[in-house]
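Engineer: Supplied structure: protein20.txt, compact mmCIF, C-alpha atoms and all ligand atoms.
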```txt
# COMPACT_ATOMS: atom_id res chain seq x y z
CA MET M 220 80.91 111.60 95.71
CA SER M 221 78.83 110.92 98.82
CA LEU M 222 80.02 110.49 102.37
CA PRO M 223 79.65 106.90 103.49
CA LEU M 224 76.81 106.32 105.92
CA PRO M 225 76.89 103.61 108.55
CA ALA M 226 75.03 100.41 107.80
CA VAL M 227 71.50 100.79 109.11
CA PRO M 228 69.29 97.85 110.00
CA ALA M 229 66.51 97.26 107.49
CA SER M 230 63.69 99.69 108.18
CA PRO M 231 60.63 98.14 109.78
CA SER M 232 58.52 100.36 107.51
CA ALA M 233 57.71 97.88 104.77
CA PRO M 234 56.64 99.49 101.49
CA VAL M 235 52.96 100.34 101.23
CA PRO M 236 51.16 97.72 99.16
CA GLN M 237 49.29 100.07 96.86
CA ARG M 238 49.86 103.62 95.70
CA PRO M 239 49.18 105.95 98.63
CA ARG M 240 45.72 107.51 98.32
CA VAL M 241 46.73 110.68 100.05
CA PRO M 242 49.81 112.74 99.23
CA LEU M 243 52.24 112.54 102.14
CA VAL M 244 53.86 115.82 101.14
CA PRO M 245 52.33 118.92 99.51
CA VAL M 246 51.46 118.64 95.80
CA LEU M 247 51.15 121.63 93.51
CA SER M 248 47.61 122.65 92.56
CA GLY M 249 45.87 125.74 91.26
CA ALA M 250 44.78 126.47 94.82
CA SER M 251 48.41 126.59 96.00
CA PHE M 252 48.57 130.20 94.84
CA ARG M 253 45.38 131.45 96.49
CA ALA M 254 45.73 133.59 99.59
CA ALA M 255 43.82 132.63 102.73
CA ALA M 256 42.45 134.70 105.55
CA GLY M 257 43.99 134.44 108.96
CA ARG M 258 46.90 135.61 111.00
CA ARG M 259 50.16 135.96 109.10
CA LEU M 260 53.17 134.21 110.61
CA PRO M 261 56.76 135.18 109.86
CA SER M 262 58.75 132.93 107.53
CA VAL M 263 62.43 132.02 107.88
CA LEU M 264 62.89 133.79 104.53
CA ASP M 265 62.03 137.13 106.19
CA ALA M 266 65.58 137.12 107.61
CA PRO M 267 67.89 139.86 106.27
CA HIS M 268 70.41 137.32 104.92
CA VAL M 269 69.14 134.39 102.86
CA ARG M 270 70.71 131.77 100.58
CA LEU M 271 68.44 129.34 98.75
CA VAL M 272 70.07 125.93 98.25
CA THR M 273 68.79 122.46 97.36
CA SER M 274 68.19 120.97 100.84
CA GLY M 275 68.22 121.60 104.56
CA ARG M 276 71.28 119.41 105.11
CA ILE M 277 73.30 121.42 102.57
CA ALA M 278 72.23 124.58 104.43
CA LEU M 279 73.40 123.01 107.71
CA ALA M 280 76.79 122.16 106.20
CA LEU M 281 77.14 125.74 104.95
CA ALA M 282 76.22 127.11 108.40
CA LEU M 283 78.95 124.98 109.97
CA ARG M 284 81.43 126.14 107.33
CA GLU M 285 80.50 129.80 107.95
CA LEU M 286 81.10 129.22 111.67
CA GLY M 287 84.59 127.88 110.94
CA VAL M 288 83.82 124.43 112.33
CA GLY M 289 86.66 122.02 111.58
CA LYS M 290 88.84 119.23 112.84
CA GLY M 291 89.01 119.08 116.64
CA ASP M 292 85.65 120.83 117.08
CA CYS M 293 82.50 119.29 118.48
CA VAL M 294 78.97 119.98 117.25
CA LEU M 295 76.13 119.19 119.65
CA LEU M 296 73.16 117.53 117.95
CA PRO M 297 69.95 116.33 119.58
CA ALA M 298 69.72 112.64 120.45
CA TYR M 299 66.28 112.82 118.78
CA HIS M 300 67.36 113.62 115.23
CA SER M 301 67.05 113.08 111.52
CA MET M 302 69.93 110.97 110.21
CA SER M 303 70.47 113.66 107.59
CA MET M 304 71.77 116.07 110.28
CA VAL M 305 74.94 114.08 111.00
CA PRO M 306 76.86 113.87 107.67
CA PRO M 307 77.27 117.69 107.44
CA VAL M 308 79.15 117.56 110.78
CA LEU M 309 81.36 114.70 109.55
CA TRP M 310 81.98 116.59 106.32
CA ARG M 311 83.58 119.36 108.44
CA GLU M 312 85.69 116.64 110.11
CA ALA M 313 84.14 117.67 113.41
CA ALA M 314 82.83 115.31 116.08
CA PRO M 315 79.05 115.06 116.54
CA ARG M 316 77.92 114.55 120.11
CA PHE M 317 74.29 113.98 121.03
CA TYR M 318 72.50 115.78 123.87
CA ARG M 319 69.34 114.69 125.62
CA VAL M 320 65.83 115.95 125.01
CA ASP M 321 62.95 115.41 127.43
CA ALA M 322 59.68 113.54 126.95
CA HIS M 323 58.25 116.55 125.07
CA ALA M 324 61.30 116.80 122.81
CA ARG M 325 62.61 119.91 124.59
CA VAL M 326 66.36 120.55 124.73
CA ASP M 327 67.80 119.35 128.06
CA LEU M 328 70.15 122.26 128.83
CA ASP M 329 71.57 120.53 131.92
CA ASP M 330 72.78 117.72 129.69
CA VAL M 331 74.10 120.21 127.13
CA ALA M 332 76.07 121.91 129.93
CA ALA M 333 77.43 118.57 131.09
CA LEU M 334 78.61 117.77 127.54
CA CYS M 335 80.29 121.18 127.30
CA ASP M 336 82.15 120.51 130.57
CA ALA M 337 83.03 116.93 129.70
CA GLY M 338 86.33 117.73 128.02
CA GLY M 339 87.54 116.29 124.73
CA ALA M 340 86.79 118.15 121.52
CA ARG M 341 85.88 121.83 121.98
CA VAL M 342 82.14 122.41 121.71
CA LYS M 343 81.63 125.06 119.05
CA VAL M 344 78.00 124.78 117.95
CA LEU M 345 74.65 123.80 119.42
CA VAL M 346 72.04 122.70 116.87
CA ALA M 347 68.47 122.95 118.21
CA THR M 348 65.48 121.52 116.33
CA HIS M 349 61.94 122.96 116.50
CA TYR M 350 60.29 119.55 116.18
CA PHE M 351 57.07 119.39 114.16
CA GLY M 352 57.00 123.21 114.11
CA PHE M 353 56.88 123.71 117.89
CA PRO M 354 59.54 126.14 119.10
CA GLN M 355 62.22 125.36 121.67
CA ASP M 356 62.77 127.83 124.52
CA LEU M 357 64.83 130.25 122.46
CA ALA M 358 65.51 132.82 125.18
CA ALA M 359 67.08 130.10 127.35
CA LEU M 360 69.06 128.63 124.44
CA ARG M 361 70.36 132.03 123.36
CA ALA M 362 71.39 132.97 126.91
CA PHE M 363 73.12 129.62 127.36
CA CYS M 364 75.08 129.91 124.12
CA ASP M 365 76.07 133.52 124.82
CA ALA M 366 77.30 132.64 128.31
CA ARG M 367 79.36 129.76 126.93
CA GLY M 368 80.63 131.37 123.76
CA ILE M 369 78.95 128.74 121.59
CA ALA M 370 77.16 129.39 118.29
CA LEU M 371 73.46 128.51 118.02
CA VAL M 372 72.04 127.00 114.82
CA GLU M 373 68.25 126.79 114.71
CA ASP M 374 67.09 123.76 112.77
CA CYS M 375 63.83 125.03 111.27
CA ALA M 376 63.42 121.99 108.98
CA HIS M 377 60.01 121.48 110.66
CA ALA M 378 59.34 125.18 111.20
CA PHE M 379 59.42 127.19 107.98
CA PHE M 380 56.89 129.59 109.54
CA GLY M 381 56.40 130.63 113.12
CA GLU M 382 57.30 132.83 116.01
CA ALA M 383 58.17 132.48 119.66
CA ALA M 384 58.14 135.19 122.30
CA GLY M 385 57.22 137.78 119.68
CA LYS M 386 60.22 137.04 117.42
CA PRO M 387 60.35 135.00 114.21
CA LEU M 388 61.71 131.47 114.44
CA GLY M 389 65.17 131.43 112.92
CA SER M 390 66.05 134.90 114.20
CA HIS M 391 67.51 133.83 117.56
CA GLY M 392 70.23 131.61 116.16
CA ASP M 393 73.50 132.70 114.59
CA TYR M 394 72.15 130.82 111.61
CA ALA M 395 68.99 128.93 110.83
CA ILE M 396 68.33 126.26 108.24
CA ALA M 397 65.06 125.22 106.62
CA SER M 398 63.77 122.51 104.29
CA SER M 399 61.38 123.99 101.72
CA MET M 400 60.19 120.57 100.52
CA LYS M 401 58.52 119.89 103.85
CA PHE M 402 56.18 122.89 103.50
CA PHE M 403 55.94 123.85 99.83
CA PRO M 404 54.81 121.73 96.86
CA MET M 405 58.31 121.41 95.42
CA TYR M 406 60.86 118.77 94.57
CA GLU M 407 63.98 120.36 96.03
CA GLY M 408 64.85 123.29 98.24
CA GLY M 409 66.47 124.39 101.45
CA ALA M 410 67.46 127.71 103.00
CA LEU M 411 70.35 129.05 105.00
CA VAL M 412 69.38 132.29 106.74
CA SER M 413 70.79 134.62 109.35
CA ALA M 414 69.59 137.66 111.22
CA ARG M 415 73.10 138.23 112.58
CA HIS M 416 75.72 137.50 109.94
CA PRO M 417 75.90 138.42 106.26
CA LEU M 418 76.20 135.48 103.89
CA ASP M 419 78.40 137.14 101.28
CA ARG M 420 80.92 134.30 101.31
CA VAL M 421 78.29 131.76 100.31
CA ALA M 422 78.56 131.88 96.53
CA LEU M 423 76.05 129.80 94.58
CA ARG M 424 75.68 128.88 90.93
CA SER M 425 73.11 127.07 88.83
CA ALA M 426 73.20 123.28 88.90
CA GLY M 427 72.57 123.21 85.15
CA LYS M 428 69.78 122.78 82.63
CA GLY M 429 69.28 119.09 83.33
CA PHE M 430 68.59 119.83 86.98
CA GLU M 431 66.30 122.78 86.20
CA ALA M 432 64.26 120.59 83.84
CA LYS M 433 64.11 117.66 86.22
CA VAL M 434 62.73 119.84 89.02
CA VAL M 435 59.87 121.12 86.84
CA LEU M 436 59.03 117.66 85.53
CA ASN M 437 59.14 115.96 88.91
CA THR M 438 57.04 118.64 90.57
CA LEU M 439 54.39 118.38 87.82
CA GLU M 440 54.44 114.59 87.67
CA HIS M 441 53.96 114.34 91.42
CA SER M 442 51.06 116.73 91.14
CA PHE M 443 49.46 114.83 88.20
CA ARG M 444 49.79 111.54 90.08
CA TYR M 445 47.32 112.88 92.64
CA GLY M 446 44.94 114.30 90.08
CA ARG M 447 46.02 117.92 90.43
CA LEU M 448 46.45 120.45 87.61
CA PRO M 449 44.27 118.47 85.15
CA ALA M 450 44.27 121.21 82.51
CA ILE M 451 48.05 121.44 82.44
CA ARG M 452 48.24 117.68 82.40
CA MET M 453 46.08 117.55 79.29
CA LEU M 454 48.08 120.27 77.58
CA LEU M 455 51.29 118.47 78.40
CA ALA M 456 50.13 114.91 77.68
CA LEU M 457 51.87 114.77 74.34
CA PRO M 458 55.06 116.55 75.32
CA MET M 459 55.24 114.34 78.42
CA ARG M 460 55.13 111.24 76.26
CA ALA M 461 57.85 112.74 74.10
CA LYS M 462 59.77 113.48 77.27
CA ASP M 463 59.46 109.88 78.46
CA ALA M 464 60.87 108.64 75.18
CA LEU M 465 63.69 111.16 75.33
CA TRP M 466 64.43 110.38 78.97
CA GLY M 467 64.54 106.68 78.16
CA ARG M 468 67.07 107.31 75.42
CA ILE M 469 69.24 109.51 77.68
CA LYS M 470 69.20 106.89 80.41
CA ALA M 471 70.05 104.11 77.99
CA ARG M 472 73.11 105.99 76.83
CA ARG M 473 74.33 107.27 80.18
CA PRO M 474 75.33 105.16 83.17
CA ALA M 475 72.63 105.10 85.86
CA THR M 476 74.76 107.11 88.27
CA ALA M 477 75.07 110.03 85.89
CA ALA M 478 71.29 110.28 85.45
CA ALA M 479 70.67 110.01 89.20
CA ALA M 480 73.12 112.81 89.99
CA LEU M 481 70.86 115.28 88.17
CA ALA M 482 69.17 115.87 91.54
CA PRO M 483 70.40 115.45 95.11
CA GLY M 484 69.47 112.40 97.23
CA SER M 485 67.60 114.71 99.63
CA SER M 486 64.92 115.06 96.96
CA ASP M 487 64.29 111.32 97.03
CA SER M 488 63.88 111.00 100.79
CA ASP M 489 67.23 109.47 101.62
CA TYR M 490 69.83 110.59 104.16
CA SER M 491 72.81 110.92 101.85
CA PHE M 492 75.01 113.99 101.79
CA ASP M 493 76.77 115.00 98.61
CA PRO M 494 79.16 117.99 98.98
CA GLY M 495 78.81 118.50 95.23
CA TRP M 496 75.56 120.38 95.99
CA LEU M 497 77.16 122.87 98.43
CA ASP M 498 77.65 125.55 95.80
CA LYS M 499 74.42 124.92 93.88
CA ARG M 500 71.53 127.35 93.91
CA SER M 501 67.99 126.11 94.27
CA SER M 502 66.27 125.78 90.89
CA LEU M 503 64.52 128.67 89.19
CA PHE M 504 61.20 126.80 89.44
CA ALA M 505 61.55 126.19 93.18
CA ARG M 506 62.48 129.83 93.77
CA LEU M 507 59.50 130.93 91.69
CA LEU M 508 57.20 128.72 93.78
CA LEU M 509 58.67 130.06 97.04
CA ALA M 510 57.79 133.56 95.88
CA ARG M 511 54.35 132.77 94.43
CA VAL M 512 52.80 129.99 96.52
CA SER M 513 50.54 131.44 99.20
CA SER M 514 52.14 131.47 102.64
CA SER M 515 48.93 132.56 104.34
CA ARG M 516 47.21 129.46 102.96
CA ILE M 517 50.02 127.14 104.12
CA VAL M 518 49.78 128.53 107.65
CA ALA M 519 45.98 128.69 107.86
CA LEU M 520 45.27 125.24 106.40
CA ARG M 521 48.02 123.42 108.29
CA ARG M 522 46.74 124.88 111.55
CA ARG M 523 43.16 123.99 110.66
CA ASN M 524 43.99 120.42 109.64
CA TYR M 525 46.12 119.94 112.73
CA GLN M 526 43.27 121.07 114.96
CA ARG M 527 40.78 118.88 113.15
CA LEU M 528 43.02 115.83 113.69
CA GLN M 529 43.49 116.78 117.32
CA GLN M 530 39.73 116.97 117.81
CA ALA M 531 39.06 113.74 115.97
CA LEU M 532 41.64 111.73 117.93
CA ALA M 533 41.06 113.40 121.31
CA GLY M 534 40.31 111.10 124.20
CA LEU M 535 41.14 107.83 122.42
CA PRO M 536 42.71 105.43 124.92
CA GLY M 537 46.33 104.44 124.35
CA CYS M 538 47.38 107.60 122.55
CA ARG M 539 47.71 111.34 123.08
CA PRO M 540 49.08 114.26 121.06
CA LEU M 541 52.76 115.04 121.72
CA HIS M 542 51.61 118.60 122.45
CA ALA M 543 48.48 119.34 124.47
CA ALA M 544 47.67 122.47 122.45
CA LEU M 545 48.62 124.30 119.25
CA PRO M 546 50.07 127.70 120.27
CA ASP M 547 49.19 130.78 118.17
CA GLY M 548 52.66 131.18 116.66
CA VAL M 549 53.02 127.61 115.38
CA CYS M 550 52.62 126.35 111.80
CA PRO M 551 52.86 122.56 112.18
CA TRP M 552 54.84 120.23 109.89
CA LEU M 553 52.86 117.12 110.87
CA PHE M 554 50.46 116.07 113.64
CA PRO M 555 52.57 114.02 116.09
CA LEU M 556 50.68 111.46 118.16
CA LEU M 557 52.24 109.42 120.98
CA VAL M 558 50.91 105.87 120.71
CA ASP M 559 51.48 103.27 123.45
CA ASP M 560 51.39 100.26 121.15
CA ALA M 561 52.92 102.07 118.23
CA GLU M 562 54.29 99.00 116.44
CA SER M 563 50.94 97.36 116.00
CA ALA M 564 49.15 100.64 115.22
CA PHE M 565 51.80 101.47 112.64
CA ALA M 566 51.40 98.10 110.93
CA ARG M 567 47.61 98.52 110.73
CA ILE M 568 47.91 102.09 109.46
CA ARG M 569 50.29 101.01 106.69
CA GLN M 570 48.11 98.07 105.80
CA ARG M 571 45.17 100.41 105.25
CA GLY M 572 47.34 102.58 103.02
CA LEU M 573 46.97 105.54 105.40
CA PRO M 574 49.77 108.09 105.37
CA VAL M 575 52.11 108.15 108.37
CA VAL M 576 55.62 109.39 109.13
CA ARG M 577 57.96 108.10 111.80
CA PHE M 578 60.40 110.94 112.34
CA ALA M 579 63.77 109.74 113.72
CA GLU M 580 62.66 106.13 113.32
CA THR M 581 66.34 105.28 112.83
CA LEU M 582 68.84 106.93 115.15
CA TRP M 583 72.56 107.31 114.58
CA PRO M 584 74.32 104.06 115.54
CA GLY M 585 75.20 104.03 119.23
CA GLU M 586 72.47 106.52 120.20
CA ASP M 587 70.48 104.26 122.47
CA ALA M 588 68.37 104.42 125.61
CA ASP M 589 71.50 104.64 127.80
CA ARG M 590 72.28 108.03 126.29
CA CYS M 591 68.74 109.37 126.06
CA PRO M 592 65.75 107.22 126.99
CA ASP M 593 63.24 109.92 125.96
CA SER M 594 64.68 110.16 122.45
CA VAL M 595 64.41 106.43 121.98
CA TYR M 596 60.87 106.50 123.36
CA LEU M 597 59.88 109.32 121.00
CA SER M 598 61.51 107.67 117.99
CA ARG M 599 59.48 104.48 118.65
CA HIS M 600 56.17 105.91 119.83
CA VAL M 601 55.50 109.06 117.82
CA LEU M 602 53.35 108.42 114.76
CA ALA M 603 52.93 111.61 112.75
CA PHE M 604 50.20 112.35 110.22
CA PRO M 605 50.09 114.88 107.39
CA CYS M 606 48.21 118.11 108.02
CA HIS M 607 49.57 119.94 104.98
CA GLN M 608 47.69 122.51 102.95
CA GLU M 609 47.27 120.35 99.85
CA LEU M 610 45.05 117.65 101.37
CA SER M 611 41.68 117.87 99.67
CA GLU M 612 38.54 117.76 101.82
CA GLN M 613 37.87 114.27 100.55
CA GLU M 614 41.39 113.03 101.22
CA PHE M 615 41.38 114.54 104.67
CA ALA M 616 38.01 113.03 105.57
CA TRP M 617 39.15 109.59 104.35
CA MET M 618 42.37 109.80 106.35
CA ARG M 619 40.63 111.01 109.49
CA ALA M 620 37.99 108.27 109.34
CA GLY M 621 40.64 105.61 108.69
CA LEU M 622 42.85 106.74 111.56
CA LEU M 623 39.91 106.90 113.91
CA GLU M 624 38.96 103.35 113.01
CA VAL M 625 42.49 101.98 113.34
CA LEU M 626 43.18 103.73 116.63
CA THR M 627 39.86 102.96 118.32
CA PRO M 628 40.31 99.80 120.39
C1 LIG Y 1 64.44 116.90 107.03
C2 LIG Y 1 65.32 117.38 108.14
C3 LIG Y 1 66.55 117.98 107.91
C4 LIG Y 1 67.21 118.04 106.56
O1 LIG Y 1 66.41 118.60 105.58
P1 LIG Y 1 66.58 118.11 104.05
O2 LIG Y 1 65.95 119.21 103.28
O3 LIG Y 1 65.90 116.80 103.94
O4 LIG Y 1 68.05 118.00 103.80
C5 LIG Y 1 67.23 118.51 108.99
N1 LIG Y 1 66.74 118.42 110.24
C6 LIG Y 1 65.56 117.81 110.50
C7 LIG Y 1 65.07 117.77 111.90
C8 LIG Y 1 64.82 117.27 109.47
O5 LIG Y 1 63.66 116.63 109.73
```
Go ahead and render the structure in this file as structure tokens.

Structural biologist:
Amino acid sequence: MSLPLPAVPASPSAPVPQRPRVPLVPVLSGASFRAAAGRRLPSVLDAPHVRLVTSGRIALALALRELGVGKGDCVLLPAYHSMSMVPPVLWREAAPRFYRVDAHARVDLDDVAALCDAGGARVKVLVATHYFGFPQDLAALRAFCDARGIALVEDCAHAFFGEAAGKPLGSHGDYAIASSMKFFPMYEGGALVSARHPLDRVALRSAGKGFEAKVVLNTLEHSFRYGRLPAIRMLLALPMRAKDALWGRIKARRPATAAAALAPGSSDSDYSFDPGWLDKRSSLFARLLLARVSSSRIVALRRRNYQRLQQALAGLPGCRPLHAALPDGVCPWLFPLLVDDAESAFARIRQRGLPVVRFAETLWPGEDADRCPDSVYLSRHVLAFPCHQELSEQEFAWMRAGLLEVLTP
């Protein structure tokens, strides 16, 4: 059972013609486990109370449930958002309302205050997103929420690691949520954490053997597709073929829907929300990877790749980084670039098979330039490029050269 989503106009992102040459998201490799030198940044999982679930949106729904959000309540979401943030609010039968962000994607607290004073449903929660890993002004947000008696949920989907004003990201909110898949080489995973409230009421159980197996297989297959883990691939070549045959037979016998429900939609990059995953623990394999994959390497290499992209694209006419600098406490999700003629650049980038993400490309129906012009501008003009830790030197060099060529007039 999934909540219905509104009809969305066909995405302008046509499918890439050939298989992408560079992994858009981290892929597991032997190097994933190797520590790297450099400054350690706190992780959202350092919080005293942690629940590992299968996605960030499930964690958000659980945060709202813990806060007692229900019918007649209002949850404030940013006008610059992922579509996946809205269904958890609707699942609570609460009303989402969208507040403005400015041209740098910072929370517009004047607009938040105006929405709180506007009447109608009682504002109970403010959700604030640390876009691309860059923190919002948490002292101001915390003070605002305390003064108004509103709960603060930090959306750390883009900020698994990081700190602001000497405190870990995720520790200022009543709750924080994270999306492990955006930072770790894994097929599913999200976290609900809190530095303020125990999570004893959030009881989780295994999603079953089929799910556990699917997570391992999908993680490995994704990795093999990009030439990683060759030794394991060789060892598994026969069993994998046996698995394909077995999988084919299972699928033939079961209706397609039953096979698909083995894993949540969040693992296949859609925006669906299925409450059936609310009480499911993240898989054993994903939890093992969270514990074993090197955090220092994720932080160090993402920062290095980000800075290399920034240097390579600096000074090109018609585009500029969303952020002028990379602060010490930030571990970036992607490298966001503001591009004047984004439509044409996007088409050329896709044509070349170069990896690119358009965060918030589709906004919730009705969220237009009248409500928040900056959100609409950002959703149309930010092109974001991978800077993750699993880009090989060769892949990175190819991507950088390609982007430079496409973006040079
Ligand atoms: C991806 C994302 C989420 C949801 O995370 P999933 O793990 O995909 O459910 C929430 N908020 C933002 C800003 C996101 O980009």

Engineer: Could I get the residues of chain M with an atom no further than 6 Å from an atom of ligand LIG 1 (chain Y), each paired with its nearest atom pair and that distance in Å to one decimal, using only C-alpha atoms and all ligand atoms, sorted by chain and residue number, as CSV?

Structural biologist:
```
residue,atom,partner,partner_atom,distance
M:Ser274,CA,Y:LIG1,O2,3.8
M:Gly275,CA,Y:LIG1,O2,3.5
M:Arg276,CA,Y:LIG1,O4,3.8
M:His300,CA,Y:LIG1,C7,5.8
M:Ser301,CA,Y:LIG1,C6,5.1
M:Ser303,CA,Y:LIG1,C4,5.6
M:Met304,CA,Y:LIG1,C5,5.3
M:Thr348,CA,Y:LIG1,C7,5.8
M:Asp374,CA,Y:LIG1,N1,5.9
M:Ala376,CA,Y:LIG1,C6,4.9
M:Ser398,CA,Y:LIG1,O2,4.1
M:Gly409,CA,Y:LIG1,O2,5.5
M:Ser485,CA,Y:LIG1,O3,5.1
```

Engineer: Which residues, written as a PyMOL selection string, have at least one atom at most 9 Å from stretch 423-439 of chain M, with only C-alpha atoms counted and residues fewer than 6 positions away on the same chain left out?

Structural biologist: chain M and resi 246-247+270-272+404-407+447-448+451-452+459+480-482+496-505

Engineer: Separation of atom CA of M:Glu609 and atom CA of M:Leu557, in Å?

Structural biologist: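 One can read the atom CA of M:Glu609 to atom CA of M:Leu557 distance as 24.3 Å.
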
Engineer: Give me the stretch 246-338 of chain M side of the contact with stretch 572-596 of chain M, cut-off 6 Å, one line per residue showing its nearest atom pair and distance in Å at one decimal, counting only C-alpha atoms, sorted by chain and residue number, as JSON lines.

Structural biologist:
```
{"residue": "M:Ala298", "atom": "CA", "partner": "M:Ser594", "partner_atom": "CA", "distance": 6.0}
{"residue": "M:Tyr299", "atom": "CA", "partner": "M:Ser594", "partner_atom": "CA", "distance": 4.8}
{"residue": "M:His300", "atom": "CA", "partner": "M:Ala579", "partner_atom": "CA", "distance": 5.5}
{"residue": "M:Ser301", "atom": "CA", "partner": "M:Ala579", "partner_atom": "CA", "distance": 5.2}
{"residue": "M:Arg319", "atom": "CA", "partner": "M:Cys591", "partner_atom": "CA", "distance": 5.4}
{"residue": "M:Asp321", "atom": "CA", "partner": "M:Asp593", "partner_atom": "CA", "distance": 5.7}
{"residue": "M:Ala322", "atom": "CA", "partner": "M:Asp593", "partner_atom": "CA", "distance": 5.2}
```

Engineer: For atom CA of M:Ser442 and atom CA of M:Gln608, quote the distance in Å rounded to one decimal.

Structural biologist: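 Atom CA of M:Gln608 lies at a distance of 13.6 Å from atom CA of M:Ser442.
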
Engineer: One decimal, in Å: what's the spacing between atom CA of M:Leu545 and atom CA of M:Asp265?

Structural biologist: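 Spanning atom CA of M:Leu545 to atom CA of M:Asp265 is a straight-line distance of 22.7 Å.
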
Engineer: What's the 7 Å shell around M:Pro605, counting all atoms listed in the file, without same-chain residues fewer than 6 positions away, as a ChimeraX atom specification?

Structural biologist: /M:243,553-554

Engineer: Would you save the residues of that selection, restricted to C-alpha atoms, as a PDB file, keeping the file's coordinate frame?

Structural biologist:
```
ATOM      1  CA  LEU M 243      52.240 112.540 102.140  1.00  0.00           C
ATOM      2  CA  LEU M 553      52.860 117.120 110.870  1.00  0.00           C
ATOM      3  CA  PHE M 554      50.460 116.070 113.640  1.00  0.00           C
TER       4      PHE M 554
END
```

Engineer: At a cut-off of 9 Å, using all atoms listed in the file, what residues contact stretch 325-328 of chain M? Leave out same-chain residues fewer than 3 positions from it and give the result as a PyMOL selection string.

Structural biologist: chain M and resi 297+318-322+331-333+347-350+354-356+359-360+363

Engineer: Any chance you can output those residues with C-alpha atoms as a PDB file, in the frame of the given file?

Structural biologist:
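The resulting again_10.pdb:
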```pdb
ATOM      1  CA  PRO M 297      69.950 116.330 119.580  1.00  0.00           C
ATOM      2  CA  TYR M 318      72.500 115.780 123.870  1.00  0.00           C
ATOM      3  CA  ARG M 319      69.340 114.690 125.620  1.00  0.00           C
ATOM      4  CA  VAL M 320      65.830 115.950 125.010  1.00  0.00           C
ATOM      5  CA  ASP M 321      62.950 115.410 127.430  1.00  0.00           C
ATOM      6  CA  ALA M 322      59.680 113.540 126.950  1.00  0.00           C
ATOM      7  CA  VAL M 331      74.100 120.210 127.130  1.00  0.00           C
ATOM      8  CA  ALA M 332      76.070 121.910 129.930  1.00  0.00           C
ATOM      9  CA  ALA M 333      77.430 118.570 131.090  1.00  0.00           C
ATOM     10  CA  ALA M 347      68.470 122.950 118.210  1.00  0.00           C
ATOM     11  CA  THR M 348      65.480 121.520 116.330  1.00  0.00           C
ATOM     12  CA  HIS M 349      61.940 122.960 116.500  1.00  0.00           C
ATOM     13  CA  TYR M 350      60.290 119.550 116.180  1.00  0.00           C
ATOM     14  CA  PRO M 354      59.540 126.140 119.100  1.00  0.00           C
ATOM     15  CA  GLN M 355      62.220 125.360 121.670  1.00  0.00           C
ATOM     16  CA  ASP M 356      62.770 127.830 124.520  1.00  0.00           C
ATOM     17  CA  ALA M 359      67.080 130.100 127.350  1.00  0.00           C
ATOM     18  CA  LEU M 360      69.060 128.630 124.440  1.00  0.00           C
ATOM     19  CA  PHE M 363      73.120 129.620 127.360  1.00  0.00           C
TER      20      PHE M 363
END
```

Engineer: Of the candidates M:Gly368, M:Gly381, M:Gly249, M:Gly291, which one gets nearest to M:Ala519 if we count only C-alpha atoms?

Structural biologist: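 Ranked by minimum distance to M:Ala519, first place goes to M:Gly381.
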
Engineer: Using only C-alpha atoms for the distances, tell me which of M:Arg420, M:Arg521, M:Arg415, M:Arg619 is nearest to M:Pro267.

Structural biologist: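 Looking only at the distances to M:Pro267, the closest residue turns out to be M:Arg415.
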
Engineer: Using all atoms listed in the file, pick whichever of M:Ala324, M:Val344, M:Leu602, M:Ala383 has the shortest atom-to-atom distance to M:Asp547.

Structural biologist: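 When distances to M:Asp547 are compared using all atoms listed in the file, the smallest one comes from M:Ala383.
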
Engineer: For M:His377, work out the shell of residues within 6 Å, counting all atoms listed in the file and skipping chain neighbours fewer than 6 positions away, then give it as a PDB file with C-alpha atoms, in the frame of the given file.

Structural biologist:
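So result_5.pdb came out as:
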```
ATOM      1  CA  TYR M 350      60.290 119.550 116.180  1.00  0.00           C
ATOM      2  CA  PHE M 351      57.070 119.390 114.160  1.00  0.00           C
ATOM      3  CA  GLY M 352      57.000 123.210 114.110  1.00  0.00           C
ATOM      4  CA  TRP M 552      54.840 120.230 109.890  1.00  0.00           C
TER       5      TRP M 552
END
```

Engineer: Nearest to M:Ser611: which of M:Ala256, M:Val269, M:Leu520, M:Ala450 is it, counting all atoms listed in the file?

Structural biologist: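 Result for the nearest residue to M:Ser611: M:Leu520.
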
Engineer: So that I can check the surroundings of M:Leu623, please list as a ChimeraX atom specification every protein, DNA and RNA residue that reaches within 9 Å of it, counting all atoms listed in the file and ignoring chain neighbours fewer than 3 positions away.

Structural biologist: /M:531-532,535,618-620,626-627

Engineer: Let me make sure I understand: among M:Leu334, M:Ala282, M:Ile517, M:Leu309, which one has the smallest atom-to-atom distance to M:Gly392 if we use only C-alpha atoms?

Structural biologist: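 Going through M:Leu334, M:Ala282, M:Ile517, M:Leu309 one by one, the smallest distance to M:Gly392 is for M:Ala282.
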
Engineer: Which residue out of M:Phe565, M:Arg511, M:Pro628, M:Met453 has the minimum interatomic distance to M:Pro536 when only C-alpha atoms are used?

Structural biologist: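 The answer is M:Pro628, which sits nearest to M:Pro536.
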